[in-house]
Every structure is written in structure tokens, then in C-alpha cells.
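> Please see the structure below; I have some questions.
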Amino acid sequence: MIKKIIIGVASIVLLLVATLAIHIYMVTSERPQGPNWAMSQIDFNEDIDSLKSENIKIDLLKKEGMRDARINLSADYMIVLYDRVKHNPHDLVKMVNNEYALQSSLFQPSEEQLAASCPAINKSSLTYKLGSYFEKIFTN
């Protein structure tokens with residue numbers, strides 16, 4: 001009985017480690033030509049109402065190469081997902097400012113935020129350590 005439990009747990013751990021390794025390999029390997037999706041945050045420096053925010057979202061999504069736009073009214077920012085070959089985030093901010101008479105800006109993460117890479121993961125966790133190990137293997 002105990003032998004079956006140990007074999008089952010070991011199999012699950014091995015499967016999870018293999019899944020992590022495959023994921024990191026796929027993320028770090030060369031990709032075929034196609035859309036280069038990027039995500040940017042546009043901060044509104046003033047409060048906007050829900051009608052104006054919905055109009056901004058609709059207008060942005062009409063543009064070719066725009067995939068998604070989400071607006072957080074309580075925090076006054078918008079996240080946009082776009083093809084970076086077709087759009088420049090600074091141009092998107094200018095378009096929003098000009099068409100809607102807003103004072104918005106592109107969110108620029110600090111050096112500390114950039115160094116943290118994934119803010120959701122605990123740096124001392126086994127997952128992070130395994131991920132770092134596989135990333136070093138696949139990127140070198």
C-alpha cells in the first residue's frame with residue numbers, strides 16, 4: 001500500500017517537473033513569424049466615466065492588430081493587448097489623449113519591478129528554483 005502511494009506521488013512530481021521543463025522550453029525557444037503580442041498599461045491621470053471608457057475600448061478594438069482592452073475604472077488604468085509590429089504603445093497613448101482630450105500616460109515599471117520578473121511567484125519556492133534552472137539550461 002505504502003509502495004503504491006510513494007510510486008504515485010513520485011510519478012505526479014515527475015510529471016509536474018516535466019511539464020514545467022516543457023513549458024519553459026516552449027517559451028524560450030524561437031517562435032515562427034507571426035503576431036508579436038505585447039501588453040501595456042495606460043494610466044489615466046484623471047477620473048473617467050464608464051461611458052467614455054467603453055468608447056475608448058471600442059475604438060481601440062476597431063484597429064487592426066488590437067486583441068483586447070480591459071479598463072479598471074476604480075484604479076484609472078487600461079490594459080491593452082496588441083500586435084507590437086503594428087502598434088507602438090506611445091502612439092496608442094497619444095491616440096487616446098488626442099481623441100478623448102485626456103491626460104493619460106504609459107505605465108513604465110521601475111527597475112525593481114523589472115528585476116522581480118514574475119511578481120506572483122515566491123523567489124524561495126521550489127517552482128521558482130526549478131524554473132530558473134530550466135531557463136538557464138534552455139537559454140544558454
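Just remember, in the C-alpha cells the first chain shown is A, the second B, etc., residues are 1-based per chain, and ligands are 1-based in the order shown.
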Would you mind writing down, as a VMD selection string, each residue of chain A that DSSP on the backbone assigns to strand (DSSP E)?
chain A and resid 37 to 44 66 to 72 77 to 83 104 to 106
> Put those residues in a file: N, CA, C and O atoms, as a CSV table (one decimal), in the first residue's frame.

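The file below, again_9.csv, is the result:
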```csv
chain,number,residue,atom,x,y,z
A,37,TRP,N,2.5,39.6,-29.8
A,37,TRP,CA,1.6,40.2,-28.9
A,37,TRP,C,2.4,40.8,-27.7
A,37,TRP,O,3.3,40.3,-27.2
A,38,ALA,N,2.0,42.0,-27.4
A,38,ALA,CA,2.5,42.8,-26.3
A,38,ALA,C,1.4,43.3,-25.4
A,38,ALA,O,0.3,43.5,-25.9
A,39,MET,N,1.6,43.5,-24.2
A,39,MET,CA,0.6,44.1,-23.3
A,39,MET,C,1.2,45.3,-22.6
A,39,MET,O,2.4,45.4,-22.2
A,40,SER,N,0.4,46.4,-22.6
A,40,SER,CA,0.8,47.6,-22.0
A,40,SER,C,-0.3,48.2,-21.1
A,40,SER,O,-1.5,47.9,-21.3
A,41,GLN,N,0.1,49.0,-20.1
A,41,GLN,CA,-0.8,49.6,-19.3
A,41,GLN,C,-0.8,51.1,-19.5
A,41,GLN,O,0.2,51.7,-19.5
A,42,ILE,N,-2.0,51.6,-19.8
A,42,ILE,CA,-2.2,53.1,-20.0
A,42,ILE,C,-2.8,53.6,-18.7
A,42,ILE,O,-4.0,53.2,-18.4
A,43,ASP,N,-2.2,54.5,-18.0
A,43,ASP,CA,-2.7,55.1,-16.8
A,43,ASP,C,-3.4,56.4,-17.1
A,43,ASP,O,-2.9,57.3,-17.8
A,44,PHE,N,-4.6,56.5,-16.6
A,44,PHE,CA,-5.4,57.7,-16.8
A,44,PHE,C,-5.1,58.6,-15.6
A,44,PHE,O,-5.2,58.2,-14.5
A,66,MET,N,-5.2,45.0,-32.7
A,66,MET,CA,-5.6,45.1,-31.3
A,66,MET,C,-6.4,43.8,-31.0
A,66,MET,O,-7.3,43.4,-31.7
A,67,ARG,N,-6.0,43.2,-29.9
A,67,ARG,CA,-6.6,41.9,-29.5
A,67,ARG,C,-7.6,42.1,-28.3
A,67,ARG,O,-8.6,41.5,-28.3
A,68,ASP,N,-7.2,42.9,-27.3
A,68,ASP,CA,-8.1,43.0,-26.2
A,68,ASP,C,-7.8,44.3,-25.5
A,68,ASP,O,-6.7,44.9,-25.6
A,69,ALA,N,-8.7,44.8,-24.8
A,69,ALA,CA,-8.5,46.0,-23.9
A,69,ALA,C,-9.4,45.9,-22.7
A,69,ALA,O,-10.6,45.5,-22.8
A,70,ARG,N,-8.9,46.1,-21.6
A,70,ARG,CA,-9.6,46.0,-20.3
A,70,ARG,C,-9.4,47.3,-19.5
A,70,ARG,O,-8.2,47.7,-19.3
A,71,ILE,N,-10.4,47.8,-19.0
A,71,ILE,CA,-10.3,49.1,-18.2
A,71,ILE,C,-10.7,48.8,-16.8
A,71,ILE,O,-11.7,48.2,-16.5
A,72,ASN,N,-9.9,49.4,-15.9
A,72,ASN,CA,-10.2,49.3,-14.4
A,72,ASN,C,-10.5,50.7,-14.0
A,72,ASN,O,-9.6,51.6,-13.8
A,77,TYR,N,-6.9,52.9,-14.9
A,77,TYR,CA,-5.9,52.4,-15.9
A,77,TYR,C,-6.6,51.5,-16.9
A,77,TYR,O,-7.7,50.9,-16.6
A,78,MET,N,-5.9,51.2,-18.0
A,78,MET,CA,-6.4,50.3,-19.0
A,78,MET,C,-5.2,49.4,-19.5
A,78,MET,O,-4.1,49.9,-19.6
A,79,ILE,N,-5.5,48.1,-19.6
A,79,ILE,CA,-4.5,47.2,-20.1
A,79,ILE,C,-4.9,46.9,-21.6
A,79,ILE,O,-6.1,46.5,-21.8
A,80,VAL,N,-4.0,47.0,-22.5
A,80,VAL,CA,-4.2,46.7,-23.9
A,80,VAL,C,-3.3,45.6,-24.3
A,80,VAL,O,-2.1,45.5,-24.0
A,81,LEU,N,-3.8,44.7,-25.2
A,81,LEU,CA,-3.1,43.6,-25.8
A,81,LEU,C,-3.1,43.8,-27.3
A,81,LEU,O,-4.2,43.9,-27.9
A,82,TYR,N,-1.9,44.0,-27.9
A,82,TYR,CA,-1.8,44.4,-29.3
A,82,TYR,C,-0.6,43.7,-29.9
A,82,TYR,O,0.3,43.2,-29.3
A,83,ASP,N,-0.6,43.8,-31.3
A,83,ASP,CA,0.5,43.3,-32.1
A,83,ASP,C,1.5,44.4,-32.1
A,83,ASP,O,1.3,45.5,-32.7
A,104,SER,N,-3.4,60.9,-20.3
A,104,SER,CA,-3.0,59.6,-19.9
A,104,SER,C,-1.5,59.4,-20.2
A,104,SER,O,-0.9,60.2,-21.0
A,105,SER,N,-1.0,58.4,-19.6
A,105,SER,CA,0.5,58.1,-19.8
A,105,SER,C,0.7,56.6,-19.8
A,105,SER,O,-0.1,55.8,-19.3
A,106,LEU,N,1.8,56.2,-20.4
A,106,LEU,CA,2.1,54.8,-20.5
A,106,LEU,C,2.8,54.4,-19.2
A,106,LEU,O,3.7,55.1,-18.7
```
> Could you pull out the residues in region 16-81 of chain A that DSSP calls helix (DSSP H, G or I) from the backbone, as a list of chain:residue names?
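Across region 16-81 of chain A, those assigned helix (DSSP H, G or I) are A:Leu16, A:Val17, A:Ala18, A:Thr19, A:Leu20, A:Ala21, A:Ile22, A:His23, A:Ile24, A:Tyr25, A:Met26, A:Val27, A:Thr28, A:Ser50, A:Leu51, A:Lys52, A:Ser53, A:Glu54, A:Asn55, A:Ile56, A:Lys57, A:Ile58, A:Asp59, A:Leu60, A:Leu61, A:Lys62.
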> Could those selected residues go to a file with C-alpha atoms, as a PDB file, in the first residue's frame?

```
ATOM      1  CA  LEU A  16       4.876  18.254 -12.889  1.00  0.00           C
ATOM      2  CA  VAL A  17       8.632  18.809 -13.271  1.00  0.00           C
ATOM      3  CA  ALA A  18       8.484  17.575 -16.874  1.00  0.00           C
ATOM      4  CA  THR A  19       5.547  19.898 -17.582  1.00  0.00           C
ATOM      5  CA  LEU A  20       7.469  22.850 -16.163  1.00  0.00           C
ATOM      6  CA  ALA A  21      10.544  21.985 -18.245  1.00  0.00           C
ATOM      7  CA  ILE A  22       8.489  21.677 -21.446  1.00  0.00           C
ATOM      8  CA  HIS A  23       6.711  24.978 -20.748  1.00  0.00           C
ATOM      9  CA  ILE A  24       9.981  26.848 -20.203  1.00  0.00           C
ATOM     10  CA  TYR A  25      11.485  25.286 -23.326  1.00  0.00           C
ATOM     11  CA  MET A  26       8.479  26.363 -25.410  1.00  0.00           C
ATOM     12  CA  VAL A  27       8.540  29.900 -24.007  1.00  0.00           C
ATOM     13  CA  THR A  28      12.270  30.400 -24.532  1.00  0.00           C
ATOM     14  CA  SER A  50     -17.862  54.207 -17.693  1.00  0.00           C
ATOM     15  CA  LEU A  51     -19.354  55.533 -20.953  1.00  0.00           C
ATOM     16  CA  LYS A  52     -16.122  57.241 -22.005  1.00  0.00           C
ATOM     17  CA  SER A  53     -14.087  54.192 -21.021  1.00  0.00           C
ATOM     18  CA  GLU A  54     -16.316  51.897 -23.076  1.00  0.00           C
ATOM     19  CA  ASN A  55     -15.974  54.208 -26.095  1.00  0.00           C
ATOM     20  CA  ILE A  56     -12.171  54.158 -25.742  1.00  0.00           C
ATOM     21  CA  LYS A  57     -12.212  50.381 -25.583  1.00  0.00           C
ATOM     22  CA  ILE A  58     -14.479  50.043 -28.632  1.00  0.00           C
ATOM     23  CA  ASP A  59     -12.373  52.475 -30.683  1.00  0.00           C
ATOM     24  CA  LEU A  60      -9.138  50.721 -29.797  1.00  0.00           C
ATOM     25  CA  LEU A  61     -10.511  47.275 -30.628  1.00  0.00           C
ATOM     26  CA  LYS A  62     -11.581  48.504 -34.085  1.00  0.00           C
TER      27      LYS A  62
END
```
> Using only C-alpha atoms for the distances, tell me which of A:Tyr100, A:Ser29, A:Leu92, A:Ile5 is nearest to Glu46 (chain A).
A:Tyr100
> Grab the CA of Asp47 (chain A) to CA of Leu102 (chain A) distance for me, in Å with one decimal place.
9.6 Å
